[in-house]
>>> print(open('run.txt').read())   # compact mmCIF, C-alpha atoms
# COMPACT_ATOMS: atom_id res chain seq x y z
CA GLU A 26 137.19 96.83 91.89
CA GLU A 27 136.54 99.27 89.05
CA LEU A 28 133.46 97.34 87.92
CA SER A 29 132.12 97.30 91.49
CA ARG A 30 132.69 101.01 91.86
CA ARG A 31 131.03 101.82 88.53
CA THR A 32 128.06 99.65 89.40
CA PHE A 33 127.68 101.47 92.69
CA GLN A 34 127.91 104.80 90.87
CA TYR A 35 124.88 103.85 88.76
CA PHE A 36 122.74 103.83 91.89
CA LEU A 37 124.06 107.21 92.99
CA ASP A 38 123.66 108.83 89.59
CA HIS A 39 120.20 107.43 88.81
CA ALA A 40 118.36 107.79 92.12
CA ASP A 41 115.82 110.58 92.25
CA PRO A 42 116.93 113.22 94.78
CA GLU A 43 113.43 113.55 96.27
CA THR A 44 111.97 110.02 96.20
CA GLY A 45 115.09 107.86 96.19
CA LEU A 46 113.58 105.80 93.35
CA VAL A 47 116.23 104.35 91.03
CA LEU A 48 115.83 104.33 87.26
CA ASP A 49 115.11 100.88 85.88
CA ARG A 50 117.52 101.39 82.99
CA ALA A 51 119.93 103.83 81.39
CA ARG A 52 121.96 104.03 78.20
CA ALA A 53 125.21 102.08 77.87
CA THR A 54 127.01 105.42 78.18
CA GLY A 55 125.62 105.72 81.71
CA GLU A 56 123.35 108.61 80.78
CA ALA A 57 119.64 108.56 81.54
CA HIS A 58 117.30 108.26 78.57
CA PRO A 59 116.36 111.69 77.19
CA PRO A 60 112.87 113.20 77.45
CA GLY A 61 110.58 111.64 74.88
CA HIS A 62 112.23 108.21 75.11
CA PRO A 63 109.79 105.57 76.44
CA SER A 64 112.16 104.74 79.32
CA HIS A 65 112.73 108.37 80.35
CA GLY A 66 112.23 108.74 84.10
CA VAL A 67 110.99 105.18 84.67
CA ALA A 68 112.12 103.69 87.97
CA SER A 69 111.40 100.26 89.38
CA SER A 70 110.91 98.94 92.87
CA ALA A 71 113.51 96.24 92.10
CA ALA A 72 116.17 98.74 90.99
CA THR A 73 115.48 100.75 94.13
CA GLY A 74 115.97 97.62 96.23
CA PHE A 75 119.31 97.02 94.55
CA GLY A 76 120.13 100.68 95.20
CA LEU A 77 119.47 100.29 98.93
CA THR A 78 121.80 97.31 99.03
CA ALA A 79 124.39 99.21 96.99
CA LEU A 80 124.36 101.97 99.60
CA CYS A 81 125.34 99.41 102.24
CA VAL A 82 128.20 98.16 100.06
CA GLY A 83 129.32 101.66 99.10
CA GLY A 84 129.26 102.77 102.71
CA ALA A 85 131.30 99.76 103.81
CA ARG A 86 133.88 100.39 101.05
CA GLY A 87 134.14 104.10 101.77
CA TRP A 88 132.69 105.17 98.43
CA VAL A 89 130.10 107.26 100.28
CA THR A 90 129.98 108.44 103.87
CA ARG A 91 127.74 106.65 106.32
CA ALA A 92 125.74 109.86 106.75
CA GLU A 93 125.14 110.09 102.98
CA ALA A 94 124.20 106.42 102.73
CA VAL A 95 121.71 106.81 105.58
CA ARG A 96 120.29 110.00 104.04
CA ARG A 97 119.78 108.35 100.67
CA SER A 98 118.36 105.20 102.24
CA LEU A 99 115.83 107.28 104.15
CA LEU A 100 114.61 108.94 100.96
CA ALA A 101 113.56 105.59 99.52
CA LEU A 102 112.30 104.18 102.82
CA ARG A 103 110.14 107.25 103.47
CA PHE A 104 108.75 107.05 99.94
CA PHE A 105 107.80 103.37 100.18
CA ALA A 106 106.47 103.70 103.72
CA GLY A 107 104.25 106.68 103.04
CA ARG A 108 103.78 107.62 99.41
CA ALA A 109 104.23 104.64 97.11
CA SER A 110 101.18 103.03 95.59
CA GLN A 111 100.79 99.58 97.11
CA GLU A 112 98.25 96.81 97.33
CA ARG A 113 98.42 94.92 100.63
CA GLY A 114 102.08 95.88 100.89
CA TRP A 115 103.00 94.82 97.34
CA PHE A 116 104.47 97.57 95.16
CA LEU A 117 104.28 98.56 91.52
CA HIS A 118 106.92 97.22 89.17
CA TRP A 119 107.45 100.51 87.28
CA MET A 120 106.92 104.05 88.50
CA ASP A 121 107.76 107.59 87.52
CA ALA A 122 111.01 108.26 89.39
CA ARG A 123 110.00 111.78 90.38
CA THR A 124 106.35 111.26 91.35
CA GLY A 125 105.95 107.53 91.96
CA GLU A 126 103.00 107.40 89.57
CA ARG A 127 102.34 104.12 87.80
CA ARG A 128 104.07 103.72 84.42
CA TRP A 129 103.55 101.30 81.53
CA ARG A 130 100.31 99.84 82.99
CA SER A 131 102.51 98.35 85.68
CA GLU A 132 101.39 95.50 87.91
CA TYR A 133 101.86 95.06 91.66
CA SER A 134 104.77 92.69 91.36
CA SER A 135 105.73 89.88 93.72
CA ILE A 136 109.16 89.66 92.10
CA ASP A 137 109.99 93.36 92.14
CA THR A 138 108.60 93.84 95.63
CA THR A 139 110.72 90.93 96.86
CA LEU A 140 113.84 92.51 95.36
CA LEU A 141 112.87 95.81 96.99
CA LEU A 142 112.39 94.05 100.32
CA GLY A 143 115.90 92.60 100.03
CA GLY A 144 117.21 96.17 99.91
CA VAL A 145 114.87 97.34 102.67
CA LEU A 146 116.09 94.55 104.96
CA ALA A 147 119.73 95.21 103.99
CA ALA A 148 119.28 98.88 104.93
CA ARG A 149 117.74 97.85 108.24
CA ARG A 150 120.66 95.52 108.91
CA CYS A 151 123.30 98.12 107.92
CA TYR A 152 121.73 101.22 109.41
CA GLY A 153 119.19 99.84 111.88
CA ASP A 154 120.89 101.69 114.72
CA GLU A 155 119.30 104.78 113.15
CA PRO A 156 115.77 104.71 114.65
CA GLU A 157 113.97 106.03 111.57
CA VAL A 158 115.67 103.49 109.28
CA ALA A 159 114.70 100.65 111.62
CA ARG A 160 111.12 101.88 112.00
CA LEU A 161 110.46 102.48 108.30
CA ALA A 162 112.12 99.28 107.11
CA THR A 163 110.14 97.24 109.62
CA GLN A 164 106.91 99.03 108.67
CA ILE A 165 107.45 98.33 104.96
CA TYR A 166 108.28 94.67 105.52
CA GLU A 167 105.51 93.95 108.01
CA ARG A 168 102.85 95.55 105.79
CA VAL A 169 103.35 92.92 103.08
CA ASP A 170 100.48 90.44 103.09
CA PHE A 171 102.36 87.38 101.86
CA PRO A 172 99.39 84.93 101.90
CA TRP A 173 97.34 87.32 99.74
CA MET A 174 99.80 86.95 96.83
CA LEU A 175 99.61 83.15 96.86
CA ALA A 176 98.29 81.53 93.70
CA ARG A 177 95.06 79.57 93.88
CA SER A 178 97.05 76.43 94.60
CA ALA A 179 98.23 78.17 97.83
CA ASP A 180 101.74 76.79 97.50
CA LEU A 181 103.14 79.20 94.89
CA PHE A 182 103.32 82.97 94.70
CA SER A 183 101.54 84.70 91.88
CA HIS A 184 103.79 86.68 89.56
CA ALA A 185 101.74 89.83 90.00
CA TRP A 186 98.39 91.44 90.65
CA ARG A 187 96.71 94.10 88.56
CA ALA A 188 93.51 95.94 89.38
CA GLN A 189 90.85 95.43 86.73
>>> encode(input="run.txt", output="structure tokens")
Amino acid sequence: EELSRRTFQYFLDHADPETGLVLDRARATGEAHPPGHPSHGVASSAATGFGLTALCVGGARGWVTRAEAVRRSLLALRFFAGRASQERGWFLHWMDARTGERRWRSEYSSIDTTLLLGGVLAARRCYGDEPEVARLATQIYERVDFPWMLARSADLFSHAWRAQ
């Protein structure tokens, strides 16, 4: 129970208060990396997807109120629906947590977007009775052009896409 609670706390502590983007990594002490460190302020679409799912778990366990879980979910959903850089619905792997700008020459990642979509769909399932949650989650999911990310063989997904 303690491990579950601490894991949930990571997603509360390391989500940007404006974008909802979750840091990709932090120190073993639980602190964010300091300014100047290469990982300072770097979020990922995958970590944000896990954060959306964590909000559902935390809400169900009473670690956060439903209203707070919905509020935090909406931050991320609004960001990905309207502000996040995307290519045919596929999102960047790494972004600046505060601005959403591309970091580390990041690719548009099939893996990280899929993990994000897991969280988006979890939020829609948990809080879909909230009209804005349902609308944004559906918009994000339906924008993804799955066939476009297929490899040339057309039976496997490509790992990623990067503009030249």
>>> closest_residue(input="run.txt", among="A:Leu28, A:Val82, A:Leu117, A:Cys151", to="A:Ile136", atoms="all atoms listed in the file")
A:Leu117
>>> residues_around(input="run.txt", residues="A:Asp49", least_positions_apart="3", cutoff="6 Å", atoms="only C-alpha atoms", output="ChimeraX atom specification")
/A:68-69,72
>>> closest_residue(input="run.txt", among="A:Phe75, A:Phe105, A:Trp129, A:Phe116", to="A:His39", atoms="only C-alpha atoms")
A:Phe75
>>> atom_distance(input="run.txt", atom1="atom CA of A:Glu155", atom2="atom CA of A:Leu102")
12.5 Å
>>> residues_around(input="run.txt", residues="A:Gln164", least_positions_apart="4", cutoff="8 Å", atoms="all atoms listed in the file", output="list in words")
Ala106, Arg160 and Arg168 of chain A
>>> residues_near_point(input="run.txt", point="(109.3, 112.5, 89.5)", cutoff="6 Å", atoms="all atoms listed in the file", output="PDB file with C-alpha atoms, keeping the file's coordinate frame")
ATOM      1  CA  ASP A 121     107.760 107.590  87.520  1.00  0.00           C
ATOM      2  CA  ALA A 122     111.010 108.260  89.390  1.00  0.00           C
ATOM      3  CA  ARG A 123     110.000 111.780  90.380  1.00  0.00           C
ATOM      4  CA  THR A 124     106.350 111.260  91.350  1.00  0.00           C
TER       5      THR A 124
END
>>> closest_residue(input="run.txt", among="A:Val158, A:Val169, A:Ala85, A:Val67", to="A:Glu112", atoms="only C-alpha atoms")
A:Val169
>>> atom_distance(input="run.txt", atom1="atom CA of A:Ala71", atom2="atom CA of A:His118")
7.3 Å
>>> atom_distance(input="run.txt", atom1="atom CA of A:Asp154", atom2="atom CA of A:Val95")
10.5 Å
>>> residues_around(input="run.txt", residues="A:Thr163", least_positions_apart="4", cutoff="12 Å", atoms="only C-alpha atoms", output="number ranges by chain")
A: 102-103, 105-106, 114, 142, 145-150, 153, 156-159, 167-169
>>> closest_residue(input="run.txt", among="A:Ala109, A:Leu46, A:Leu99, A:Ala94", to="A:Gly66", atoms="only C-alpha atoms")
A:Leu46
>>> closest_residue(input="run.txt", among="A:Ser70, A:Leu161, A:Arg50, A:Arg86", to="A:Trp119", atoms="all atoms listed in the file")
A:Ser70
>>> closest_residue(input="run.txt", among="A:Asp38, A:Glu26, A:Glu132, A:Glu93", to="A:Ser110", atoms="all atoms listed in the file")
A:Glu132
>>> decode(input="run.txt", residues="stretch 125-153 of chain A", atoms="N, CA and C atoms", output="compact mmCIF listing (two decimals), in the first residue's frame")
# COMPACT_ATOMS: atom_id res chain seq x y z
N GLY A 125 5.96 22.52 -23.43
CA GLY A 125 5.64 21.50 -24.43
C GLY A 125 6.58 21.49 -25.61
N GLU A 126 7.60 22.33 -25.60
CA GLU A 126 8.55 22.36 -26.71
C GLU A 126 9.36 21.07 -26.77
N ARG A 127 9.72 20.69 -27.96
CA ARG A 127 10.50 19.48 -28.20
C ARG A 127 11.82 19.55 -27.45
N ARG A 128 12.19 18.42 -26.83
CA ARG A 128 13.49 18.31 -26.14
C ARG A 128 14.25 17.12 -26.70
N TRP A 129 15.56 17.20 -26.61
CA TRP A 129 16.49 16.12 -26.98
C TRP A 129 16.26 15.58 -28.40
N ARG A 130 15.96 16.46 -29.34
CA ARG A 130 15.71 16.03 -30.73
C ARG A 130 14.70 14.88 -30.79
N SER A 131 13.71 14.99 -29.98
CA SER A 131 12.70 13.96 -29.80
C SER A 131 11.97 13.61 -31.10
N GLU A 132 11.58 12.36 -31.18
CA GLU A 132 10.80 11.84 -32.29
C GLU A 132 9.31 11.83 -31.95
N TYR A 133 8.47 11.70 -32.96
CA TYR A 133 7.04 11.44 -32.73
C TYR A 133 6.95 9.93 -32.55
N SER A 134 6.65 9.53 -31.34
CA SER A 134 6.84 8.15 -30.91
C SER A 134 5.55 7.34 -30.90
N SER A 135 5.57 6.20 -31.58
CA SER A 135 4.41 5.30 -31.53
C SER A 135 4.27 4.69 -30.14
N ILE A 136 5.38 4.36 -29.51
CA ILE A 136 5.35 3.74 -28.19
C ILE A 136 4.84 4.72 -27.14
N ASP A 137 5.44 5.89 -27.09
CA ASP A 137 5.05 6.87 -26.06
C ASP A 137 3.64 7.38 -26.29
N THR A 138 3.26 7.57 -27.53
CA THR A 138 1.89 8.00 -27.80
C THR A 138 0.90 6.92 -27.37
N THR A 139 1.23 5.67 -27.60
CA THR A 139 0.35 4.57 -27.19
C THR A 139 0.19 4.55 -25.68
N LEU A 140 1.27 4.76 -24.95
CA LEU A 140 1.18 4.81 -23.49
C LEU A 140 0.36 6.02 -23.04
N LEU A 141 0.52 7.14 -23.73
CA LEU A 141 -0.32 8.30 -23.44
C LEU A 141 -1.79 7.97 -23.69
N LEU A 142 -2.07 7.34 -24.83
CA LEU A 142 -3.45 7.01 -25.16
C LEU A 142 -4.08 6.08 -24.13
N GLY A 143 -3.28 5.19 -23.54
CA GLY A 143 -3.80 4.35 -22.46
C GLY A 143 -4.33 5.21 -21.33
N GLY A 144 -3.59 6.26 -20.97
CA GLY A 144 -4.03 7.17 -19.92
C GLY A 144 -5.21 8.02 -20.34
N VAL A 145 -5.20 8.45 -21.59
CA VAL A 145 -6.32 9.25 -22.12
C VAL A 145 -7.61 8.44 -22.06
N LEU A 146 -7.54 7.18 -22.49
CA LEU A 146 -8.73 6.33 -22.48
C LEU A 146 -9.14 5.95 -21.05
N ALA A 147 -8.16 5.80 -20.16
CA ALA A 147 -8.48 5.54 -18.75
C ALA A 147 -9.23 6.74 -18.16
N ALA A 148 -8.74 7.95 -18.46
CA ALA A 148 -9.42 9.15 -17.96
C ALA A 148 -10.84 9.24 -18.51
N ARG A 149 -11.00 8.90 -19.79
CA ARG A 149 -12.34 8.93 -20.37
C ARG A 149 -13.26 7.92 -19.69
N ARG A 150 -12.71 6.76 -19.38
CA ARG A 150 -13.50 5.72 -18.71
C ARG A 150 -13.85 6.15 -17.28
N CYS A 151 -12.88 6.72 -16.56
CA CYS A 151 -13.10 7.11 -15.16
C CYS A 151 -13.97 8.35 -15.02
N TYR A 152 -13.72 9.33 -15.88
CA TYR A 152 -14.35 10.64 -15.71
C TYR A 152 -15.13 11.07 -16.94
N GLY A 153 -15.53 10.11 -17.75
CA GLY A 153 -16.25 10.41 -18.99
C GLY A 153 -17.62 11.00 -18.79
